[in-house]
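S.K.: Quick one: the structure is below, and I'll ask about it shortly.
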Amino acid sequence: MFAETGYDRTTIRAVAQRAGVDPALVMQHFASKERLFAAATEQTVPTDSLLDADIDGLSEAALDHAFAPFEDPELRAQAEALLRSSLTHPAALKVLRDDVMVPVQTRLAANLGDQDAALKAALLNASMLGVVTARYLLDIPALAEADIGDLRRLLLPALDALLETSDRDDPARPGGES
């Protein structure tokens, strides 16, 4: 329903009616519209494969995670609507950021484990969010018309470079601390 009617017009009562249950049951399971939105977001864009990826496969997993719901004809409208809702409704943004993105970034940072892990996880997330927003919502021609294989081919090395172990404090590196 979030995909069909948007965040503002989706109500607990309407969701319950569509599901054929009492609204109290929806509230019992989700506690609020915001939590229901978070569950819908997690259902549309599962994070397990991203979080289970080892460092060598993380860039590929991030690309799969970002593109899969938008490239799947059955999920695309829902994924676009959830992303659009998060960009236009403060409550939806808060849920997507605080209940979905930040926990995923925190776990990714723990998996990366270097001094810049939190920033790298946030940059990885921001990169993927920017690409999918530009391609699927803003319809930027070069991105929207690009073959998914070409996007993957060009993005993979950039993401791999982002995730490399930082040597910023290596004294042997020009500009490193001595």
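Chain identifiers are assigned as A, B, and so on, following the order in which chains appear in the structure tokens; residues are numbered from 1 within each chain, and ligands are numbered from 1 in order of appearance.
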Residues at most 12 Å from Tyr7 of chain A, counting only C-alpha atoms, excluding those fewer than 6 positions away in the same chain, as a list in words?
M.R.: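 These residues fall inside the cut-off: Met1, Val15, Lys33, Glu34, Leu36, Phe37, Ala38, Ala40, Thr41, Gln78, Ala81, Leu82, Leu83, Arg84, Ser85, Ser86, Leu87, Thr88, His89, Pro90, Ala91, Ala92, Leu93 and Val95 of chain A.
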S.K.: Would you save the residues of that selection, restricted to N, CA, C and O atoms, as a compact mmCIF listing (two decimals), in the first residue's frame?
M.R.:
```txt
# COMPACT_ATOMS: atom_id res chain seq x y z
N MET A 1 0.82 -1.20 0.00
CA MET A 1 0.00 0.00 0.00
C MET A 1 0.85 1.26 0.00
O MET A 1 0.45 2.26 -0.58
N VAL A 15 -4.45 -0.81 5.74
CA VAL A 15 -3.59 -1.99 5.66
C VAL A 15 -4.31 -3.19 6.27
O VAL A 15 -4.33 -4.28 5.69
N LYS A 33 2.69 3.13 12.43
CA LYS A 33 2.80 3.21 10.98
C LYS A 33 4.28 3.25 10.57
O LYS A 33 4.67 2.66 9.56
N GLU A 34 5.11 3.92 11.36
CA GLU A 34 6.53 4.01 11.06
C GLU A 34 7.18 2.63 11.08
O GLU A 34 7.99 2.30 10.21
N LEU A 36 5.65 -0.21 10.62
CA LEU A 36 5.09 -0.93 9.47
C LEU A 36 5.85 -0.55 8.20
O LEU A 36 6.20 -1.41 7.38
N PHE A 37 6.16 0.74 8.05
CA PHE A 37 6.94 1.20 6.90
C PHE A 37 8.33 0.58 6.91
O PHE A 37 8.84 0.14 5.87
N ALA A 38 8.96 0.53 8.08
CA ALA A 38 10.28 -0.09 8.19
C ALA A 38 10.23 -1.56 7.77
O ALA A 38 11.10 -2.04 7.05
N ALA A 40 8.06 -2.93 5.75
CA ALA A 40 7.84 -2.97 4.30
C ALA A 40 9.14 -2.70 3.55
O ALA A 40 9.43 -3.33 2.55
N THR A 41 9.94 -1.78 4.07
CA THR A 41 11.22 -1.45 3.45
C THR A 41 12.17 -2.65 3.52
O THR A 41 12.80 -3.02 2.53
N GLN A 78 7.32 -0.95 -5.99
CA GLN A 78 7.37 -0.88 -4.54
C GLN A 78 8.68 -0.24 -4.07
O GLN A 78 8.69 0.63 -3.20
N ALA A 81 8.57 3.49 -4.82
CA ALA A 81 7.65 4.18 -3.92
C ALA A 81 8.24 4.33 -2.52
O ALA A 81 8.10 5.38 -1.89
N LEU A 82 8.90 3.29 -2.04
CA LEU A 82 9.50 3.37 -0.71
C LEU A 82 10.63 4.40 -0.69
O LEU A 82 10.73 5.20 0.24
N LEU A 83 11.45 4.42 -1.73
CA LEU A 83 12.52 5.40 -1.80
C LEU A 83 11.94 6.80 -1.93
O LEU A 83 12.37 7.73 -1.24
N ARG A 84 10.97 6.97 -2.79
CA ARG A 84 10.34 8.28 -2.98
C ARG A 84 9.71 8.77 -1.68
O ARG A 84 9.85 9.93 -1.31
N SER A 85 9.03 7.87 -0.97
CA SER A 85 8.42 8.25 0.30
C SER A 85 9.46 8.73 1.30
O SER A 85 9.24 9.70 2.02
N SER A 86 10.60 8.06 1.31
CA SER A 86 11.64 8.46 2.27
C SER A 86 12.24 9.81 1.92
O SER A 86 12.78 10.49 2.78
N LEU A 87 12.16 10.20 0.67
CA LEU A 87 12.70 11.49 0.25
C LEU A 87 11.71 12.63 0.39
O LEU A 87 12.10 13.80 0.36
N THR A 88 10.44 12.30 0.55
CA THR A 88 9.42 13.35 0.58
C THR A 88 8.65 13.44 1.90
O THR A 88 7.93 14.40 2.11
N HIS A 89 8.79 12.46 2.77
CA HIS A 89 8.06 12.46 4.04
C HIS A 89 9.04 12.29 5.20
O HIS A 89 9.71 11.26 5.30
N PRO A 90 9.11 13.28 6.07
CA PRO A 90 10.08 13.23 7.17
C PRO A 90 9.97 11.97 8.04
O PRO A 90 10.99 11.42 8.44
N ALA A 91 8.78 11.50 8.31
CA ALA A 91 8.63 10.30 9.14
C ALA A 91 9.20 9.07 8.42
O ALA A 91 9.87 8.24 9.03
N ALA A 92 8.93 8.97 7.13
CA ALA A 92 9.46 7.85 6.35
C ALA A 92 10.98 7.94 6.26
O ALA A 92 11.68 6.92 6.36
N LEU A 93 11.52 9.13 6.08
CA LEU A 93 12.97 9.33 6.04
C LEU A 93 13.59 8.88 7.36
O LEU A 93 14.58 8.16 7.37
N VAL A 95 12.51 6.74 9.55
CA VAL A 95 12.44 5.29 9.68
C VAL A 95 13.49 4.62 8.79
O VAL A 95 14.23 3.75 9.24
```
S.K.: To one decimal place in Å, what is the distance between atom CA of Phe70 of chain A and atom CA of Ala53 of chain A?
M.R.: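 Taking atom CA of Phe70 of chain A as the start and atom CA of Ala53 of chain A as the end point, the length is 20.5 Å.
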S.K.: Determine, counting only C-alpha atoms, which protein, DNA and RNA residues have an atom within 8 Å of an atom of Ser59 of chain A; residues of the same chain fewer than 4 positions away are not included. Present the result as an MDAnalysis selection string.
M.R.: chainID A and resid 55 63 156 159:160 163
S.K.: Quick check for you: according to DSSP on this backbone, which residues of segment 1-177 of chain A are classed as alpha helix (DSSP H)? Reply as a PyMOL selection string.
M.R.: chain A and resi 2-9+12-19+23-30+33-44+48-52+58-71+76-88+90-95+102-112+117-132+141-144+148-163
S.K.: If we count only C-alpha atoms, what is near segment 147-154 of chain A at a cut-off of 9 Å, once residues fewer than 5 positions away on the same chain are taken out, given as a short mmCIF file (atom, residue, chain, number, x, y, z; two decimals) with N, CA and C atoms, in the first residue's frame?
M.R.:
```cif
data_model
loop_
_atom_site.label_atom_id
_atom_site.label_comp_id
_atom_site.auth_asym_id
_atom_site.auth_seq_id
_atom_site.Cartn_x
_atom_site.Cartn_y
_atom_site.Cartn_z
N GLU A 60 30.42 -6.26 -4.79
CA GLU A 60 29.45 -6.97 -5.63
C GLU A 60 28.11 -7.10 -4.90
N LEU A 63 26.25 -3.80 -4.96
CA LEU A 63 25.61 -3.56 -6.25
C LEU A 63 24.35 -4.41 -6.40
N PHE A 67 20.67 -2.70 -6.88
CA PHE A 67 19.97 -2.81 -8.16
C PHE A 67 18.83 -3.83 -8.17
N GLU A 71 15.47 -3.62 -10.54
CA GLU A 71 15.54 -4.35 -11.81
C GLU A 71 14.52 -5.49 -11.86
#
```
S.K.: Measuring between only C-alpha atoms, which one of A:Thr133, A:Thr165, A:Thr11, A:Ser127 shows the shortest distance to Gly113 of chain A?
M.R.: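 Result for the nearest residue to Gly113 of chain A: A:Thr165.
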S.K.: Extract, using only C-alpha atoms, all DNA, RNA and protein residues at most 9 Å from Gln105 of chain A, discarding same-chain residues fewer than 3 positions from it, and format them as a ChimeraX atom specification.
M.R.: /A:100-102,108-110,118,120-122,124-125
S.K.: Generate the output file for the selected residues, all heavy atoms, as a PDB file, in the first residue's frame.
M.R.:
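Saved as part_5.pdb:
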```pdb
ATOM      1  N   VAL A 100      16.645   1.275   9.297  1.00  0.00           N
ATOM      2  CA  VAL A 100      17.115   0.383   8.239  1.00  0.00           C
ATOM      3  C   VAL A 100      18.572   0.688   7.883  1.00  0.00           C
ATOM      4  O   VAL A 100      19.451  -0.152   8.048  1.00  0.00           O
ATOM      5  CB  VAL A 100      16.202   0.459   6.988  1.00  0.00           C
ATOM      6  CG1 VAL A 100      16.709  -0.471   5.902  1.00  0.00           C
ATOM      7  CG2 VAL A 100      14.753   0.132   7.359  1.00  0.00           C
ATOM      8  N   MET A 101      18.841   1.899   7.415  1.00  0.00           N
ATOM      9  CA  MET A 101      20.178   2.208   6.899  1.00  0.00           C
ATOM     10  C   MET A 101      21.261   2.239   7.981  1.00  0.00           C
ATOM     11  O   MET A 101      22.329   1.651   7.795  1.00  0.00           O
ATOM     12  CB  MET A 101      20.158   3.532   6.142  1.00  0.00           C
ATOM     13  CG  MET A 101      19.396   3.472   4.855  1.00  0.00           C
ATOM     14  SD  MET A 101      19.388   5.087   4.067  1.00  0.00           S
ATOM     15  CE  MET A 101      19.148   4.589   2.377  1.00  0.00           C
ATOM     16  N   VAL A 102      21.026   2.942   9.068  1.00  0.00           N
ATOM     17  CA  VAL A 102      22.068   3.062  10.101  1.00  0.00           C
ATOM     18  C   VAL A 102      22.426   1.699  10.706  1.00  0.00           C
ATOM     19  O   VAL A 102      23.613   1.390  10.842  1.00  0.00           O
ATOM     20  CB  VAL A 102      21.682   4.103  11.170  1.00  0.00           C
ATOM     21  CG1 VAL A 102      22.608   4.038  12.372  1.00  0.00           C
ATOM     22  CG2 VAL A 102      21.704   5.506  10.561  1.00  0.00           C
ATOM     23  N   LEU A 108      27.969  -3.287   8.763  1.00  0.00           N
ATOM     24  CA  LEU A 108      28.996  -3.301   7.714  1.00  0.00           C
ATOM     25  C   LEU A 108      30.314  -2.753   8.249  1.00  0.00           C
ATOM     26  O   LEU A 108      31.380  -3.307   7.971  1.00  0.00           O
ATOM     27  CB  LEU A 108      28.553  -2.469   6.507  1.00  0.00           C
ATOM     28  CG  LEU A 108      27.540  -3.090   5.570  1.00  0.00           C
ATOM     29  CD1 LEU A 108      27.165  -2.104   4.477  1.00  0.00           C
ATOM     30  CD2 LEU A 108      28.048  -4.383   4.974  1.00  0.00           C
ATOM     31  N   ALA A 109      30.248  -1.679   9.016  1.00  0.00           N
ATOM     32  CA  ALA A 109      31.459  -1.091   9.581  1.00  0.00           C
ATOM     33  C   ALA A 109      32.163  -2.090  10.495  1.00  0.00           C
ATOM     34  O   ALA A 109      33.391  -2.210  10.453  1.00  0.00           O
ATOM     35  CB  ALA A 109      31.121   0.191  10.343  1.00  0.00           C
ATOM     36  N   ALA A 110      31.396  -2.822  11.274  1.00  0.00           N
ATOM     37  CA  ALA A 110      31.998  -3.837  12.149  1.00  0.00           C
ATOM     38  C   ALA A 110      32.690  -4.911  11.321  1.00  0.00           C
ATOM     39  O   ALA A 110      33.760  -5.405  11.694  1.00  0.00           O
ATOM     40  CB  ALA A 110      30.941  -4.450  13.056  1.00  0.00           C
ATOM     41  N   ALA A 118      33.409   3.098   9.670  1.00  0.00           N
ATOM     42  CA  ALA A 118      32.090   3.741   9.731  1.00  0.00           C
ATOM     43  C   ALA A 118      31.895   4.684   8.551  1.00  0.00           C
ATOM     44  O   ALA A 118      30.819   4.706   7.930  1.00  0.00           O
ATOM     45  CB  ALA A 118      31.912   4.483  11.058  1.00  0.00           C
ATOM     46  N   LYS A 120      33.490   4.541   5.629  1.00  0.00           N
ATOM     47  CA  LYS A 120      33.417   3.731   4.409  1.00  0.00           C
ATOM     48  C   LYS A 120      32.026   3.131   4.227  1.00  0.00           C
ATOM     49  O   LYS A 120      31.482   3.130   3.117  1.00  0.00           O
ATOM     50  CB  LYS A 120      34.462   2.614   4.441  1.00  0.00           C
ATOM     51  CG  LYS A 120      35.869   3.099   4.218  1.00  0.00           C
ATOM     52  CD  LYS A 120      36.832   1.928   4.290  1.00  0.00           C
ATOM     53  CE  LYS A 120      38.248   2.347   4.056  1.00  0.00           C
ATOM     54  NZ  LYS A 120      39.164   1.195   4.074  1.00  0.00           N
ATOM     55  N   ALA A 121      31.453   2.609   5.301  1.00  0.00           N
ATOM     56  CA  ALA A 121      30.109   2.031   5.209  1.00  0.00           C
ATOM     57  C   ALA A 121      29.088   3.104   4.821  1.00  0.00           C
ATOM     58  O   ALA A 121      28.203   2.859   3.997  1.00  0.00           O
ATOM     59  CB  ALA A 121      29.731   1.372   6.534  1.00  0.00           C
ATOM     60  N   ALA A 122      29.226   4.292   5.381  1.00  0.00           N
ATOM     61  CA  ALA A 122      28.312   5.392   5.035  1.00  0.00           C
ATOM     62  C   ALA A 122      28.509   5.834   3.587  1.00  0.00           C
ATOM     63  O   ALA A 122      27.541   6.116   2.879  1.00  0.00           O
ATOM     64  CB  ALA A 122      28.519   6.561   5.989  1.00  0.00           C
ATOM     65  N   LEU A 124      29.662   3.967   1.114  1.00  0.00           N
ATOM     66  CA  LEU A 124      29.132   2.892   0.280  1.00  0.00           C
ATOM     67  C   LEU A 124      27.619   3.045   0.148  1.00  0.00           C
ATOM     68  O   LEU A 124      27.067   2.992  -0.953  1.00  0.00           O
ATOM     69  CB  LEU A 124      29.491   1.530   0.872  1.00  0.00           C
ATOM     70  CG  LEU A 124      28.994   0.302   0.128  1.00  0.00           C
ATOM     71  CD1 LEU A 124      29.663   0.190  -1.246  1.00  0.00           C
ATOM     72  CD2 LEU A 124      29.271  -0.951   0.951  1.00  0.00           C
ATOM     73  N   ASN A 125      26.961   3.272   1.265  1.00  0.00           N
ATOM     74  CA  ASN A 125      25.511   3.456   1.272  1.00  0.00           C
ATOM     75  C   ASN A 125      25.113   4.697   0.460  1.00  0.00           C
ATOM     76  O   ASN A 125      24.199   4.641  -0.371  1.00  0.00           O
ATOM     77  CB  ASN A 125      25.019   3.573   2.715  1.00  0.00           C
ATOM     78  CG  ASN A 125      23.518   3.616   2.803  1.00  0.00           C
ATOM     79  OD1 ASN A 125      22.822   3.009   2.002  1.00  0.00           O
ATOM     80  ND2 ASN A 125      23.023   4.331   3.782  1.00  0.00           N
TER      81      ASN A 125
END
```
S.K.: Between atom CA of Arg107 of chain A and atom CA of Asp56 of chain A, what is the spacing in Å?
M.R.: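 A separation of 16.0 Å between them.
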S.K.: Excluding Val131 of chain A and its own-chain neighbours fewer than 6 positions away, which residues fall within 10 Å of it when counting only C-alpha atoms? Please give them as a list in words.
M.R.: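 Non-adjacent residues within range: Leu63, Ala66, Phe67, Leu137, Leu138, Ile140, Leu143, Ala144, Leu151 and Leu155 of chain A.
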S.K.: Atom CA of Asp22 of chain A and atom CA of Gly6 of chain A are how many Å apart?
M.R.: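 Computing the Euclidean distance for atom CA of Asp22 of chain A and atom CA of Gly6 of chain A yields 21.5 Å.
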